[in-house]
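What follows is one structure encoded as structure tokens, with my remarks underneath.
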Amino acid sequence: AINTWCDICDNYITKACQNKVNAYRLAAKKLNKAVNQHLWIGEWYARGITDDGRIFGTENDSEGKIFLNPQSWAMLSGAASVTQRKVMINHINQQLMTPHGVMMLAPSYTTMVEDIGRITQKHPGVSENGSVYNHAAIFYAYSLYQQNENDLAFEVITKIIPSMKNIDSTGQLPIFVPNYYRGAYYQFPEQAGRSSQLFNTGTVSWLYRCIVEELVGLKGKGNALMVNPKLPHHLSHITGSRTFRGAEFQFDVYKCSNVTRTVVYLNNELLANNSIENICSNTVYTLRVKVPENA
């Protein structure tokens, strides 16, 4: 959050305020350093420290060994190094990823843990106790896009979105993204994947950002629209439209064998870079975007 605020300030503040922004960025670095000092345990980040001073969410726990959110936010905050990202993503794939989506924690708690509290009282695989909690899953997908893990991010997204293809296992009609799907996949597989049928979730706004800003690559930066698609290897073409600053951008993004970098045509004119500026509201623009095949 501090880094995001500083990025905003860089575009708007005067030079007189720069020292304050520099102090905020230093504070963010100190926080990340403290996180790595106290919460990087083994090969992933722990969930937290209880009032009794016990670090939990580590290999030392019989249940609740690994939590998804700390890994996602460590990537978003810049706390995790390249090496750390690789090993913790590997553990997420092994311990949290399921055919129904990525679980919030594993193994789910089956008994009350006094110094952790409420989360351990919930039924295994339900809600925050190890379900495929879609709000947490979409945080993870967004963090993966920031690391250019495009294939894995797309896999996480497609498992979130309900489909008629898996309605027998989920019981979820494809009319909204539910709050969660049942988890505890490796403990109670017979119930895993069932939808909560709850539509009260913050997932959708992040899902929109992942699809429009990351997958399609149309992302606002000040008054400009940046173009940087992040297609997975098996998706070669995507079309649609985005409204930005009162203008409509009709996009056609596709992989092409004869380009080595992303090439953008605005109204059939080649852009010198991937930034669209001087946008006029109530105007329809056409975007043709060529992406390298091996991107």
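Here's how to read the names in the structure tokens: chain A, B, ... by the order shown, residue numbers from 1 in each chain, ligand numbers from 1 in the order shown.
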Spatial neighbours of Gly222 (chain A), max dist 12 Å, only C-alpha atoms, sep filter under 6 positions, as a list in words: Asp7, Ile8, Cys9, Asp10, Asn11, Tyr12, Phe244, Arg245, Ser275, Ile276, Glu277, Asn278 and Ile279 of chain A
Those in region 55-229 of chain A with strand (DSSP E or B) from DSSP, as a VMD selection string: chain A and resid 55 to 56 66 to 67 97 to 98 101 to 102 105 to 106 132 to 133 180 to 181 195 218 to 221 224 to 227
DSSP helix (DSSP H, G or I) selection over region 74-284 of chain A, as a PyMOL selection string: chain A and resi 74-77+82-95+118-121+134-146+150-160+164-170+203-215
Give me a file of those residues, with C-alpha atoms, as a tab-separated table (two decimals), in the first residue's frame.
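Saved as again_35.tsv:
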```tsv
chain	number	residue	atom	x	y	z
A	74	ALA	CA	4.93	-10.86	-0.41
A	75	MET	CA	5.13	-10.88	-4.20
A	76	LEU	CA	2.99	-7.74	-4.52
A	77	SER	CA	4.97	-5.84	-1.88
A	82	VAL	CA	13.27	-14.32	-7.34
A	83	THR	CA	14.53	-17.41	-5.52
A	84	GLN	CA	11.86	-17.14	-2.84
A	85	ARG	CA	9.13	-16.74	-5.44
A	86	LYS	CA	10.18	-19.89	-7.25
A	87	VAL	CA	10.21	-22.13	-4.18
A	88	MET	CA	6.98	-20.81	-2.65
A	89	ILE	CA	5.08	-21.05	-5.97
A	90	ASN	CA	6.27	-24.64	-6.17
A	91	HIS	CA	4.83	-25.35	-2.70
A	92	ILE	CA	1.56	-23.61	-3.61
A	93	ASN	CA	1.29	-25.89	-6.65
A	94	GLN	CA	1.96	-28.95	-4.51
A	95	GLN	CA	-0.08	-28.17	-1.39
A	118	ARG	CA	-12.00	-18.24	15.05
A	119	ILE	CA	-10.72	-19.55	11.73
A	120	THR	CA	-9.93	-22.94	13.32
A	121	GLN	CA	-13.54	-23.32	14.53
A	134	ASN	CA	-11.94	-16.80	-4.60
A	135	HIS	CA	-10.99	-13.40	-3.21
A	136	ALA	CA	-7.68	-14.85	-2.00
A	137	ALA	CA	-7.25	-16.79	-5.25
A	138	ILE	CA	-7.61	-13.65	-7.37
A	139	PHE	CA	-5.02	-11.84	-5.20
A	140	TYR	CA	-2.71	-14.71	-6.09
A	141	ALA	CA	-3.51	-14.48	-9.80
A	142	TYR	CA	-2.82	-10.73	-9.79
A	143	SER	CA	0.49	-11.23	-7.98
A	144	LEU	CA	1.47	-13.87	-10.54
A	145	TYR	CA	0.82	-11.44	-13.39
A	146	GLN	CA	3.20	-8.96	-11.76
A	150	ASN	CA	1.12	-15.67	-17.23
A	151	ASP	CA	0.27	-19.35	-17.73
A	152	LEU	CA	-0.22	-20.03	-14.01
A	153	ALA	CA	-2.19	-16.81	-13.50
A	154	PHE	CA	-4.55	-17.75	-16.33
A	155	GLU	CA	-5.01	-21.23	-14.84
A	156	VAL	CA	-6.01	-19.72	-11.48
A	157	ILE	CA	-8.50	-17.37	-13.19
A	158	THR	CA	-10.18	-20.06	-15.28
A	159	LYS	CA	-10.76	-22.19	-12.19
A	160	ILE	CA	-12.50	-19.28	-10.46
A	164	MET	CA	-21.59	-25.47	-17.35
A	165	LYS	CA	-18.74	-27.94	-17.95
A	166	ASN	CA	-18.22	-28.50	-14.22
A	167	ILE	CA	-21.68	-27.74	-12.86
A	168	ASP	CA	-22.15	-31.34	-11.70
A	169	SER	CA	-19.23	-31.00	-9.30
A	170	THR	CA	-19.71	-27.36	-8.26
A	203	THR	CA	-13.44	-11.16	-6.17
A	204	VAL	CA	-15.00	-9.56	-9.24
A	205	SER	CA	-13.22	-6.19	-9.15
A	206	TRP	CA	-9.85	-7.95	-8.98
A	207	LEU	CA	-10.97	-10.43	-11.65
A	208	TYR	CA	-11.81	-7.47	-13.91
A	209	ARG	CA	-8.35	-6.00	-13.31
A	210	CYS	CA	-6.65	-9.32	-14.04
A	211	ILE	CA	-8.49	-9.79	-17.33
A	212	VAL	CA	-8.57	-6.22	-18.66
A	213	GLU	CA	-5.32	-4.80	-17.31
A	214	GLU	CA	-3.10	-7.91	-17.26
A	215	LEU	CA	-4.39	-10.55	-19.69
```
Exercise: Pro178 (chain A) partners within 9 Å, only C-alpha atoms, chain neighbours under 5 positions left out, as a ChimeraX atom specification: /A:133-134,160-162,172,195-201,203
Among listed residues A:Arg54, A:Lys29, A:Lys255, A:Lys65, nearest Gly42 (chain A) (using only C-alpha atoms):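 When distances to Gly42 (chain A) are compared using only C-alpha atoms, the smallest one comes from A:Lys65.
Closest approach to Asp252 (chain A) from the set A:Tyr265, A:Arg288, A:Lys221, A:Pro229 is made by A:Arg288, with distances taken over only C-alpha atoms.
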Residue contacts of Ala1 (chain A) (9 Å, only C-alpha atoms) excluding same-chain residues fewer than 4 positions away, as a count of residues only: 4
Between CA of Glu293 (chain A) and CA of Arg261 (chain A) - distance in Å to one decimal: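 Computing it gives 9.5 Å between the two atoms.
Using only C-alpha atoms, the contacts of Pro292 (chain A) at a cut-off of 9 Å, with sequence neighbours closer than 3 positions omitted, comprise Tyr254, Lys255, Cys256, Ser257, Asn258, Val259, Thr260, Arg261, Thr262, Val263 and Ala295 of chain A.
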Could you give me, as a PDB file with N, CA and C atoms, in the first residue's frame, the residues within 12 Å of Met112 (chain A), counting only C-alpha atoms and dropping anything in the same chain fewer than 3 positions from it?
```
ATOM      1  N   GLU A  63      -1.561 -28.746  11.068  1.00  0.00           N
ATOM      2  CA  GLU A  63      -2.634 -28.208  10.234  1.00  0.00           C
ATOM      3  C   GLU A  63      -2.377 -26.712  10.036  1.00  0.00           C
ATOM      4  N   GLY A  64      -2.840 -26.176   8.936  1.00  0.00           N
ATOM      5  CA  GLY A  64      -2.530 -24.779   8.641  1.00  0.00           C
ATOM      6  C   GLY A  64      -1.043 -24.567   8.404  1.00  0.00           C
ATOM      7  N   SER A 108      -6.568 -28.064   6.184  1.00  0.00           N
ATOM      8  CA  SER A 108      -7.588 -27.342   6.930  1.00  0.00           C
ATOM      9  C   SER A 108      -7.560 -27.759   8.404  1.00  0.00           C
ATOM     10  N   TYR A 109      -7.931 -26.841   9.279  1.00  0.00           N
ATOM     11  CA  TYR A 109      -7.984 -27.149  10.706  1.00  0.00           C
ATOM     12  C   TYR A 109      -9.187 -28.053  10.992  1.00  0.00           C
ATOM     13  N   ASP A 115      -4.665 -20.315  20.318  1.00  0.00           N
ATOM     14  CA  ASP A 115      -3.990 -19.034  20.108  1.00  0.00           C
ATOM     15  C   ASP A 115      -4.147 -18.501  18.682  1.00  0.00           C
ATOM     16  N   ILE A 116      -4.839 -19.258  17.821  1.00  0.00           N
ATOM     17  CA  ILE A 116      -5.182 -18.747  16.485  1.00  0.00           C
ATOM     18  C   ILE A 116      -6.632 -18.281  16.475  1.00  0.00           C
ATOM     19  N   GLY A 117      -7.538 -19.116  16.987  1.00  0.00           N
ATOM     20  CA  GLY A 117      -8.897 -18.650  17.209  1.00  0.00           C
ATOM     21  C   GLY A 117      -9.919 -19.013  16.156  1.00  0.00           C
ATOM     22  N   ARG A 118     -10.737 -18.040  15.769  1.00  0.00           N
ATOM     23  CA  ARG A 118     -11.999 -18.241  15.051  1.00  0.00           C
ATOM     24  C   ARG A 118     -11.869 -19.085  13.789  1.00  0.00           C
ATOM     25  N   ILE A 119     -10.844 -18.842  13.011  1.00  0.00           N
ATOM     26  CA  ILE A 119     -10.716 -19.546  11.735  1.00  0.00           C
ATOM     27  C   ILE A 119     -10.660 -21.059  11.939  1.00  0.00           C
ATOM     28  N   THR A 120     -10.094 -21.500  13.065  1.00  0.00           N
ATOM     29  CA  THR A 120      -9.932 -22.935  13.323  1.00  0.00           C
ATOM     30  C   THR A 120     -11.229 -23.586  13.796  1.00  0.00           C
ATOM     31  N   GLN A 121     -12.256 -22.788  14.092  1.00  0.00           N
ATOM     32  CA  GLN A 121     -13.541 -23.318  14.531  1.00  0.00           C
ATOM     33  C   GLN A 121     -14.465 -23.649  13.349  1.00  0.00           C
ATOM     34  N   LYS A 122     -14.118 -23.145  12.175  1.00  0.00           N
ATOM     35  CA  LYS A 122     -14.976 -23.375  11.016  1.00  0.00           C
ATOM     36  C   LYS A 122     -14.785 -24.792  10.479  1.00  0.00           C
ATOM     37  N   HIS A 123     -15.806 -25.285   9.786  1.00  0.00           N
ATOM     38  CA  HIS A 123     -15.731 -26.631   9.232  1.00  0.00           C
ATOM     39  C   HIS A 123     -14.579 -26.726   8.235  1.00  0.00           C
ATOM     40  N   PRO A 124     -13.825 -27.815   8.223  1.00  0.00           N
ATOM     41  CA  PRO A 124     -12.706 -27.949   7.284  1.00  0.00           C
ATOM     42  C   PRO A 124     -13.147 -27.758   5.828  1.00  0.00           C
ATOM     43  N   ASN A 129     -11.339 -21.429   6.397  1.00  0.00           N
ATOM     44  CA  ASN A 129     -10.618 -22.622   6.842  1.00  0.00           C
ATOM     45  C   ASN A 129     -10.334 -23.560   5.667  1.00  0.00           C
TER      46      ASN A 129
END
```
Atom-to-atom span, CA of Phe188 (chain A) and CA of Val113 (chain A), Å: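 These atoms are spaced 19.9 Å apart.
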Nearest to Ser72 (chain A), chosen from A:Thr14, A:Thr110, A:Gln147, A:Ser236, with only C-alpha atoms counted in the distances: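 Checking each candidate against Ser72 (chain A), we get A:Gln147 as the closest.
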Neighbour list for Val253 (chain A) as a PyMOL selection string, cut-off 9 Å, only C-alpha atoms, skip fewer than 5 positions in-chain: chain A and resi 216+229+236-240+287-291
Distance of CA of Asn282 (chain A) from CA of Phe249 (chain A), expressed in Å to one decimal place: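 According to the coordinates, CA of Phe249 (chain A) and CA of Asn282 (chain A) are separated by 10.7 Å.
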